[in-house]
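A.B. asks: Got a structure for you, written out below as structure tokens; questions coming shortly.
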Amino acid sequence: MNIYDTANRLAQELKQSEEYVNYKMAKESLSLNLDLKKKIEEFEAARYDAQVTVMQTGKNDEEKTKKMQELYMKLYEDSDAVKFFEAETKFNIVLADVNKIIGDAVMDVLK
């Protein structure tokens with residue numbers, strides 16, 4: 001069995017999964033709603049900024065965290081944003097699970 005063939009089959013199966021299809025449709029739907037897309041991008045930038053601060057300093061910046069939470073709460077009032085975040089989360093869980101399975105399989109040589 002060729003490992004690259006297996007990886008390509010896995011990639012194809014991922015693209016056919018319900019989680020991938022739903023996430024792709026949510027992203028396409030988002031591209032049609034430029035106002036919502038801009039709001040989500042603003043939230044993502046605020047979240048990234050808050051996370052970088054935590055990684056660099058080891059502590060939360062209350063102002064950045066509050067801004068991120070406010071943006072998130074506003075987005076959660078929009079059902080399309082909720083659908084997008086749910087689809088994104090479900091797909092990310094699948095990717096994380098697959099990565100964990102692969103990582104666990106080779107852990108003995110990574111120690």
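How things are named: the first chain in the structure tokens is A, the next is B, and so on; residues count from 1 in each chain; ligands count from 1 in the order shown.
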When you look at Phe43 (chain A) with a cut-off of 7 Å (counting only C-alpha atoms), what residues show up, excluding the ones that are within fewer than 6 positions of it in the same chain? I need them as a PyMOL selection string.

C.D. replies: chain A and resi 68+71-72

A.B. asks: Keeping only N, CA and C atoms, take the residues you just selected and write them out as a compact mmCIF listing (two decimals), in the first residue's frame.

C.D. replies:
# COMPACT_ATOMS: atom_id res chain seq x y z
N MET A 68 -13.22 41.36 21.75
CA MET A 68 -13.48 40.11 21.04
C MET A 68 -14.84 39.54 21.47
N LEU A 71 -17.75 41.58 19.95
CA LEU A 71 -17.93 41.26 18.53
C LEU A 71 -18.61 39.90 18.37
N TYR A 72 -18.20 38.95 19.17
CA TYR A 72 -18.77 37.60 19.11
C TYR A 72 -20.25 37.62 19.48

A.B. asks: Just asking: which residues within region 49-92 of chain A are alpha helix (DSSP H) according to DSSP, as JSON, numbers by chain?

C.D. replies: {"A": [49, 50, 51, 52, 53, 54, 55, 56, 57, 62, 63, 64, 65, 66, 67, 68, 69, 70, 71, 72, 73, 74, 75, 79, 80, 81, 82, 83, 84, 85, 86, 87, 88, 89, 90, 91, 92]}

A.B. asks: Fewer than 5 positions away in the same chain doesn't count, so skip those; otherwise give me all residues within 10 Å of region 5-11 of chain A, counting only C-alpha atoms, as a PyMOL selection string.

C.D. replies: chain A and resi 16-17+98

A.B. asks: CA of Leu36 (chain A) and CA of Leu14 (chain A) are how many Å apart?

C.D. replies: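 The value is 26.9 Å.
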
A.B. asks: Taking only C-alpha atoms into account, which of A:Glu42, A:Asp108, A:Glu86, A:Asp61 comes nearest Lys74 (chain A)?

C.D. replies: A:Glu42

A.B. asks: Using only C-alpha atoms, which of A:Ile3, A:Phe91, A:Ile40, A:Glu18 sits nearest Asp78 (chain A)?

C.D. replies: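 Ranking A:Ile3, A:Phe91, A:Ile40, A:Glu18 by distance to Asp78 (chain A), first place goes to A:Ile40.
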
A.B. asks: In Å to one decimal, how far is CA of Glu44 (chain A) from CA of Leu75 (chain A)?

C.D. replies: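 Separating CA of Leu75 (chain A) from CA of Glu44 (chain A) is a distance of 11.3 Å.
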
A.B. asks: How many Å lie between CA of Ala105 (chain A) and CA of Val21 (chain A), rounded to one decimal?

C.D. replies: 27.3 Å

A.B. asks: May I have the residues within 12 Å of Met25 (chain A) as a ChimeraX atom specification, using only C-alpha atoms and disregarding those fewer than 5 positions away in the same chain?

C.D. replies: /A:18-20,30-32,80,83-84,87-88,91

A.B. asks: Those residues with N, CA and C atoms, as a compact mmCIF listing (two decimals), in the first residue's frame please?

C.D. replies:
# COMPACT_ATOMS: atom_id res chain seq x y z
N GLU A 18 -19.77 15.20 5.34
CA GLU A 18 -20.85 16.15 5.63
C GLU A 18 -20.29 17.44 6.21
N GLU A 19 -19.31 17.31 7.08
CA GLU A 19 -18.72 18.48 7.73
C GLU A 19 -18.04 19.40 6.72
N TYR A 20 -17.31 18.82 5.78
CA TYR A 20 -16.63 19.62 4.76
C TYR A 20 -17.65 20.31 3.86
N LEU A 30 -21.45 32.92 2.99
CA LEU A 30 -20.85 34.09 3.63
C LEU A 30 -20.28 35.04 2.58
N SER A 31 -19.73 34.50 1.51
CA SER A 31 -19.15 35.36 0.47
C SER A 31 -20.21 36.19 -0.24
N LEU A 32 -21.47 35.79 -0.12
CA LEU A 32 -22.56 36.55 -0.72
C LEU A 32 -23.06 37.66 0.21
N ASP A 80 -27.11 33.44 10.34
CA ASP A 80 -26.13 33.02 9.32
C ASP A 80 -24.73 32.91 9.91
N LYS A 83 -24.63 29.70 11.94
CA LYS A 83 -24.49 28.54 11.04
C LYS A 83 -23.04 28.41 10.56
N PHE A 84 -22.43 29.55 10.22
CA PHE A 84 -21.04 29.53 9.76
C PHE A 84 -20.12 29.00 10.85
N ALA A 87 -20.62 25.25 11.47
CA ALA A 87 -20.04 24.44 10.39
C ALA A 87 -18.52 24.44 10.49
N GLU A 88 -17.95 25.61 10.77
CA GLU A 88 -16.49 25.71 10.91
C GLU A 88 -16.00 24.85 12.06
N PHE A 91 -16.16 21.06 11.24
CA PHE A 91 -15.10 20.65 10.32
C PHE A 91 -13.74 20.64 11.02

A.B. asks: May I ask which of the residues A:Ile93, A:Ala50, A:Met1, A:Ala26 is the closest one to Ser79 (chain A), counting only C-alpha atoms?

C.D. replies: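 Comparing A:Ile93, A:Ala50, A:Met1, A:Ala26 against Ser79 (chain A), the winner is A:Ala26.
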
A.B. asks: May I ask which of the residues A:Lys67, A:Lys59, A:Lys38, A:Lys90 is the closest one to Lys24 (chain A), counting only C-alpha atoms?

C.D. replies: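 Of A:Lys67, A:Lys59, A:Lys38, A:Lys90, the one nearest Lys24 (chain A) is A:Lys90, counting only C-alpha atoms.
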
A.B. asks: Using only C-alpha atoms for the distances, tell me which of A:Phe85, A:Glu77, A:Leu95, A:Glu41 is nearest to Glu13 (chain A).

C.D. replies: A:Leu95
